[in-house]
Amino acid sequence: MRRVTAERPTQPIRARTLRGMRPQREIQRFELLVDELSAAMTRAPADAVDREIETWLGKICEDLGLDRSAVYERDSPLDSVRTTHTWKRPNIPPFPRNFDPEKYLKTTTDWVMAGNRIVFSSPSGIPTELADARRFVERYGPKASAVIPMWAGNRVIGAASFGKFRAAREWPTKLLEQLTVAVRLFGSAIERKQAGAERRATFAQLRIASRRNVMSELVASLSHEMNQPLGAILSNLGGVARLLSRNNPEPAMALAAVNNAIEDTKRAAEITRRIRSMFIAHPEHKTAVSIGALAEEVMNLIVSEVALRKAKVLLEVSPAVKRVIGDRIQLQQCLLNLLMNGLDAITESKSDQREIKIKIAPEKPGWAGISVRDTGGGIDPSVANRLFEPFVTTKSNGMGLGLLVTRSIIENHGGKIWATSNPDGGTTFTFTVPLVERKRAHPPKRAR
């Protein structure tokens, strides 16, 4: 008797099994990636957090086969939400120019900032109450997206979005849990960055307040000391004037009053000299200085400040300029003042072009020109002709002494400093310092 056995549909079962294993493998792989992300965010210093986040947005999208992602931040519940980091694949449409989440997606933004997550595998999965999200997706894509609140401690400080444009995709629960962990890691790193920025801002305010208090005390002391000889001079000259109005009947008294006024004038001059001596920081040591190396040293001093303000500083040194004659510390102070002014100008103008360029080149025979060009808001015409005067400033928290000190140092080196407005925006400050003269080779002596 022939035994008949039923054929088993092994192929369809195997296909279903493989399909079931793919999400599991994806989740396991992504868990390892999140572990790497946690280690990277822990190691990253505060000034490198932004760069790390943008790098990891790309790694997450590439690992999960996504096309575009973004991070949004809010400094406080009263502040607006802004886009701070983005990543996209080539040929994928970018976010709308100057994308403002609250402008395009007010209801949805409020929903997410209240701690709610939005996840859809196709546009039809968007909740009906989020009509602005539906309109946005219809106009700009994507076909699938996950928008996850970004927590820092017990408060929502922003969100992160991940989208797929080419096709729909499923969002397994375990995958969303890991994605939520990744976004929370972003939030913790951003909170650490913000705390550092707040500390620096507080320190800067204290430093400004301290300088103002010192200046207030100095001015009060100077006024007190100067009022005495000036009052005496005024009194003596008033007496001389009265004697002259009566044809000077007492010449000896008039002569004594004039001599007293002269002595009091000398006292006032001595007070001025003593006040001036208070600000002499150290004796000058003018030597041959490698100006290119000095510029690099100053750039290294402010590397964290440049990164914090998302700017970049470029250096161009002409081969014709090797060394200059000057006081190394004072020249560093001049260049540092101009670089910080440029960074402040870029920050206050909120310029998209955030670049400062230092250029060192021959200015005229025997002199080097060092220029610092920024892409800030330019010079206010009302102070353009008075930039180097004391207490004249275009900064909201400036004292107007930095450029005065810089000019004083440069003029003490025999050079000049000036400012020009750039045709494409921003300002260029240029100062000159003397070059080290090359020793001329003596012609060989003729043999006798």
# chains A, B, ... in the order shown; residues from 1 in each chain; ligands from 1
call {"tool": "residues_around", "arguments": {"residues": "range 181-195 of chain A", "least_positions_apart": "4", "cutoff": "7 Å", "atoms": "only C-alpha atoms", "output": "MDAnalysis selection string"}}
result
chainID A and resid 34 38 41 46:47 49 53 150:152 160 177 199
call {"tool": "select_by_dssp", "arguments": {"residues": "range 87-185 of chain A", "states": "strand (DSSP E or B)", "output": "PDB file with N, CA, C and O atoms, in the first residue's frame"}}
result
ATOM      1  N   TRP A  87      19.294  66.910   9.591  1.00  0.00           N
ATOM      2  CA  TRP A  87      20.052  65.985   8.748  1.00  0.00           C
ATOM      3  C   TRP A  87      19.113  65.443   7.687  1.00  0.00           C
ATOM      4  O   TRP A  87      17.921  65.205   7.960  1.00  0.00           O
ATOM      5  N   LYS A  88      19.624  65.258   6.463  1.00  0.00           N
ATOM      6  CA  LYS A  88      18.803  64.676   5.406  1.00  0.00           C
ATOM      7  C   LYS A  88      19.690  63.940   4.420  1.00  0.00           C
ATOM      8  O   LYS A  88      20.883  64.229   4.283  1.00  0.00           O
ATOM      9  N   ILE A 118       3.987  61.793  18.532  1.00  0.00           N
ATOM     10  CA  ILE A 118       3.213  61.623  17.298  1.00  0.00           C
ATOM     11  C   ILE A 118       3.935  60.601  16.436  1.00  0.00           C
ATOM     12  O   ILE A 118       5.107  60.804  16.076  1.00  0.00           O
ATOM     13  N   VAL A 119       3.256  59.521  16.112  1.00  0.00           N
ATOM     14  CA  VAL A 119       3.849  58.460  15.298  1.00  0.00           C
ATOM     15  C   VAL A 119       2.822  58.027  14.265  1.00  0.00           C
ATOM     16  O   VAL A 119       1.666  57.740  14.608  1.00  0.00           O
ATOM     17  N   PHE A 120       3.214  58.002  12.991  1.00  0.00           N
ATOM     18  CA  PHE A 120       2.322  57.476  11.965  1.00  0.00           C
ATOM     19  C   PHE A 120       3.124  56.726  10.911  1.00  0.00           C
ATOM     20  O   PHE A 120       4.237  57.105  10.570  1.00  0.00           O
ATOM     21  N   ALA A 144       5.987  58.553   6.427  1.00  0.00           N
ATOM     22  CA  ALA A 144       5.968  57.992   7.780  1.00  0.00           C
ATOM     23  C   ALA A 144       6.873  58.846   8.657  1.00  0.00           C
ATOM     24  O   ALA A 144       7.892  59.351   8.204  1.00  0.00           O
ATOM     25  N   SER A 145       6.484  59.019   9.909  1.00  0.00           N
ATOM     26  CA  SER A 145       7.277  59.890  10.776  1.00  0.00           C
ATOM     27  C   SER A 145       7.043  59.547  12.241  1.00  0.00           C
ATOM     28  O   SER A 145       5.989  59.021  12.614  1.00  0.00           O
ATOM     29  N   ALA A 146       8.046  59.859  13.054  1.00  0.00           N
ATOM     30  CA  ALA A 146       7.935  59.770  14.515  1.00  0.00           C
ATOM     31  C   ALA A 146       8.474  61.070  15.091  1.00  0.00           C
ATOM     32  O   ALA A 146       9.606  61.456  14.808  1.00  0.00           O
ATOM     33  N   VAL A 147       7.636  61.763  15.855  1.00  0.00           N
ATOM     34  CA  VAL A 147       8.027  63.013  16.520  1.00  0.00           C
ATOM     35  C   VAL A 147       7.973  62.740  18.017  1.00  0.00           C
ATOM     36  O   VAL A 147       6.906  62.433  18.556  1.00  0.00           O
ATOM     37  N   ILE A 148       9.119  62.882  18.680  1.00  0.00           N
ATOM     38  CA  ILE A 148       9.257  62.449  20.072  1.00  0.00           C
ATOM     39  C   ILE A 148       9.667  63.627  20.948  1.00  0.00           C
ATOM     40  O   ILE A 148      10.633  64.330  20.625  1.00  0.00           O
ATOM     41  N   PRO A 149       8.943  63.874  22.046  1.00  0.00           N
ATOM     42  CA  PRO A 149       9.335  64.960  22.959  1.00  0.00           C
ATOM     43  C   PRO A 149      10.737  64.726  23.509  1.00  0.00           C
ATOM     44  O   PRO A 149      11.143  63.582  23.748  1.00  0.00           O
ATOM     45  N   MET A 150      11.468  65.797  23.695  1.00  0.00           N
ATOM     46  CA  MET A 150      12.838  65.704  24.216  1.00  0.00           C
ATOM     47  C   MET A 150      12.838  66.182  25.665  1.00  0.00           C
ATOM     48  O   MET A 150      12.672  67.368  25.944  1.00  0.00           O
ATOM     49  N   TRP A 151      13.015  65.238  26.569  1.00  0.00           N
ATOM     50  CA  TRP A 151      12.979  65.537  27.990  1.00  0.00           C
ATOM     51  C   TRP A 151      14.385  65.812  28.514  1.00  0.00           C
ATOM     52  O   TRP A 151      15.361  65.222  28.061  1.00  0.00           O
ATOM     53  N   ALA A 152      14.468  66.708  29.476  1.00  0.00           N
ATOM     54  CA  ALA A 152      15.695  66.931  30.246  1.00  0.00           C
ATOM     55  C   ALA A 152      15.253  67.008  31.701  1.00  0.00           C
ATOM     56  O   ALA A 152      14.631  67.984  32.116  1.00  0.00           O
ATOM     57  N   ARG A 155      11.288  68.065  32.585  1.00  0.00           N
ATOM     58  CA  ARG A 155      10.660  69.059  31.717  1.00  0.00           C
ATOM     59  C   ARG A 155      10.997  68.787  30.253  1.00  0.00           C
ATOM     60  O   ARG A 155      12.047  68.238  29.937  1.00  0.00           O
ATOM     61  N   VAL A 156      10.084  69.187  29.388  1.00  0.00           N
ATOM     62  CA  VAL A 156      10.287  69.040  27.949  1.00  0.00           C
ATOM     63  C   VAL A 156      11.000  70.291  27.432  1.00  0.00           C
ATOM     64  O   VAL A 156      10.490  71.402  27.591  1.00  0.00           O
ATOM     65  N   ILE A 157      12.176  70.105  26.833  1.00  0.00           N
ATOM     66  CA  ILE A 157      12.931  71.255  26.333  1.00  0.00           C
ATOM     67  C   ILE A 157      12.950  71.289  24.810  1.00  0.00           C
ATOM     68  O   ILE A 157      13.592  72.155  24.224  1.00  0.00           O
ATOM     69  N   GLY A 158      12.230  70.371  24.168  1.00  0.00           N
ATOM     70  CA  GLY A 158      12.218  70.357  22.712  1.00  0.00           C
ATOM     71  C   GLY A 158      11.641  69.052  22.198  1.00  0.00           C
ATOM     72  O   GLY A 158      10.856  68.379  22.871  1.00  0.00           O
ATOM     73  N   ALA A 159      12.062  68.670  21.003  1.00  0.00           N
ATOM     74  CA  ALA A 159      11.585  67.443  20.382  1.00  0.00           C
ATOM     75  C   ALA A 159      12.558  67.028  19.288  1.00  0.00           C
ATOM     76  O   ALA A 159      13.450  67.795  18.896  1.00  0.00           O
ATOM     77  N   ALA A 160      12.384  65.804  18.797  1.00  0.00           N
ATOM     78  CA  ALA A 160      13.155  65.312  17.657  1.00  0.00           C
ATOM     79  C   ALA A 160      12.188  64.614  16.707  1.00  0.00           C
ATOM     80  O   ALA A 160      11.271  63.918  17.146  1.00  0.00           O
ATOM     81  N   SER A 161      12.384  64.822  15.408  1.00  0.00           N
ATOM     82  CA  SER A 161      11.525  64.197  14.399  1.00  0.00           C
ATOM     83  C   SER A 161      12.368  63.333  13.474  1.00  0.00           C
ATOM     84  O   SER A 161      13.507  63.669  13.151  1.00  0.00           O
ATOM     85  N   PHE A 162      11.775  62.217  13.049  1.00  0.00           N
ATOM     86  CA  PHE A 162      12.438  61.280  12.145  1.00  0.00           C
ATOM     87  C   PHE A 162      11.422  60.892  11.077  1.00  0.00           C
ATOM     88  O   PHE A 162      10.308  60.458  11.408  1.00  0.00           O
ATOM     89  N   GLY A 163      11.771  61.069   9.804  1.00  0.00           N
ATOM     90  CA  GLY A 163      10.810  60.816   8.739  1.00  0.00           C
ATOM     91  C   GLY A 163      11.352  59.957   7.620  1.00  0.00           C
ATOM     92  O   GLY A 163      12.565  59.912   7.375  1.00  0.00           O
ATOM     93  N   LYS A 164      10.437  59.273   6.940  1.00  0.00           N
ATOM     94  CA  LYS A 164      10.778  58.477   5.765  1.00  0.00           C
ATOM     95  C   LYS A 164       9.918  58.957   4.607  1.00  0.00           C
ATOM     96  O   LYS A 164       8.693  59.077   4.740  1.00  0.00           O
TER      97      LYS A 164
END
call {"tool": "closest_residue", "arguments": {"among": "A:Thr83, A:Val324, A:Thr427, A:Leu336", "to": "Thr375 in chain A", "atoms": "only C-alpha atoms"}}
result
A:Thr427
call {"tool": "select_by_dssp", "arguments": {"residues": "range 87-117 of chain A", "states": "helix (DSSP H, G or I)", "output": "short mmCIF file (atom, residue, chain, number, x, y, z; two decimals) with C-alpha atoms, in the first residue's frame"}}
result
data_model
loop_
_atom_site.label_atom_id
_atom_site.label_comp_id
_atom_site.auth_asym_id
_atom_site.auth_seq_id
_atom_site.Cartn_x
_atom_site.Cartn_y
_atom_site.Cartn_z
CA PRO A 101 7.59 74.93 13.98
CA GLU A 102 5.10 77.20 15.73
CA LYS A 103 4.33 79.03 12.48
CA TYR A 104 3.64 75.93 10.39
CA LYS A 106 1.18 75.52 16.10
CA THR A 107 -1.33 72.94 17.36
CA THR A 108 1.03 70.03 16.78
CA THR A 109 3.96 71.83 18.42
CA ASP A 110 1.88 72.56 21.53
CA TRP A 111 0.82 68.91 21.58
CA VAL A 112 4.37 67.60 21.44
CA MET A 113 5.76 70.17 23.91
#
call {"tool": "closest_residue", "arguments": {"among": "A:Met226, A:Ala311, A:Ile325, A:Ile92", "to": "Lys357 in chain A", "atoms": "only C-alpha atoms"}}
result
A:Ala311
call {"tool": "residues_around", "arguments": {"residues": "Lys364 in chain A", "least_positions_apart": "4", "cutoff": "10 Å", "atoms": "only C-alpha atoms", "output": "PyMOL selection string"}}
result
chain A and resi 368-369+432+434-435
call {"tool": "write_last_selection", "arguments": {"atoms": "all heavy atoms", "output": "JSON list (two decimals), in the first residue's frame"}}
result
[["chain", "number", "residue", "atom", "x", "y", "z"],
["A", 368, "ALA", "N", 53.59, 95.56, 8.50],
["A", 368, "ALA", "CA", 52.62, 94.48, 8.27],
["A", 368, "ALA", "C", 51.23, 94.98, 8.65],
["A", 368, "ALA", "O", 51.08, 95.74, 9.62],
["A", 368, "ALA", "CB", 52.98, 93.25, 9.09],
["A", 369, "GLY", "N", 50.24, 94.56, 7.90],
["A", 369, "GLY", "CA", 48.85, 94.88, 8.22],
["A", 369, "GLY", "C", 48.13, 93.64, 8.71],
["A", 369, "GLY", "O", 48.17, 92.59, 8.07],
["A", 432, "THR", "N", 48.41, 98.21, 11.94],
["A", 432, "THR", "CA", 49.75, 97.99, 11.39],
["A", 432, "THR", "C", 50.78, 97.91, 12.50],
["A", 432, "THR", "O", 50.65, 98.57, 13.54],
["A", 432, "THR", "CB", 50.14, 99.13, 10.42],
["A", 432, "THR", "OG1", 50.07, 100.39, 11.12],
["A", 432, "THR", "CG2", 49.22, 99.16, 9.22],
["A", 434, "PRO", "N", 55.32, 97.33, 12.89],
["A", 434, "PRO", "CA", 56.56, 97.33, 12.09],
["A", 434, "PRO", "C", 57.10, 95.92, 11.88],
["A", 434, "PRO", "O", 57.07, 95.08, 12.79],
["A", 434, "PRO", "CB", 57.52, 98.18, 12.93],
["A", 434, "PRO", "CG", 56.99, 98.13, 14.32],
["A", 434, "PRO", "CD", 55.50, 97.99, 14.20],
["A", 435, "LEU", "N", 57.59, 95.68, 10.69],
["A", 435, "LEU", "CA", 58.23, 94.41, 10.36],
["A", 435, "LEU", "C", 59.66, 94.39, 10.86],
["A", 435, "LEU", "O", 60.30, 95.43, 11.02],
["A", 435, "LEU", "CB", 58.23, 94.20, 8.84],
["A", 435, "LEU", "CG", 56.91, 93.78, 8.19],
["A", 435, "LEU", "CD1", 57.02, 93.96, 6.67],
["A", 435, "LEU", "CD2", 56.57, 92.34, 8.53]]
call {"tool": "closest_residue", "arguments": {"among": "A:Leu314, A:Leu237, A:Val303, A:Ala70", "to": "Phe95 in chain A", "atoms": "only C-alpha atoms"}}
result
A:Ala70
call {"tool": "closest_residue", "arguments": {"among": "A:Val317, A:Ala361, A:Leu130, A:Leu403", "to": "Leu338 in chain A", "atoms": "only C-alpha atoms"}}
result
A:Leu403
call {"tool": "residues_around", "arguments": {"residues": "Lys416 in chain A", "least_positions_apart": "4", "cutoff": "12 Å", "atoms": "only C-alpha atoms", "output": "PyMOL selection string"}}
result
chain A and resi 363+367-371+388+406-412+429-434
call {"tool": "closest_residue", "arguments": {"among": "A:Gly231, A:Pro365, A:Pro319, A:Pro249", "to": "Ala268 in chain A", "atoms": "only C-alpha atoms"}}
result
A:Gly231
call {"tool": "closest_residue", "arguments": {"among": "A:Ala133, A:Val306, A:Val321, A:Val81", "to": "Leu105 in chain A", "atoms": "only C-alpha atoms"}}
result
A:Ala133
call {"tool": "residues_around", "arguments": {"residues": "Gly426 in chain A", "least_positions_apart": "4", "cutoff": "7 Å", "atoms": "only C-alpha atoms", "output": "list of chain:residue names"}}
result
A:Asp374, A:Thr375, A:Gly376, A:Gly377, A:Gly378, A:Ser421, A:Asn422
call {"tool": "atom_distance", "arguments": {"atom1": "CA of Arg89 in chain A", "atom2": "CA of Arg68 in chain A"}}
result
6.5 Å
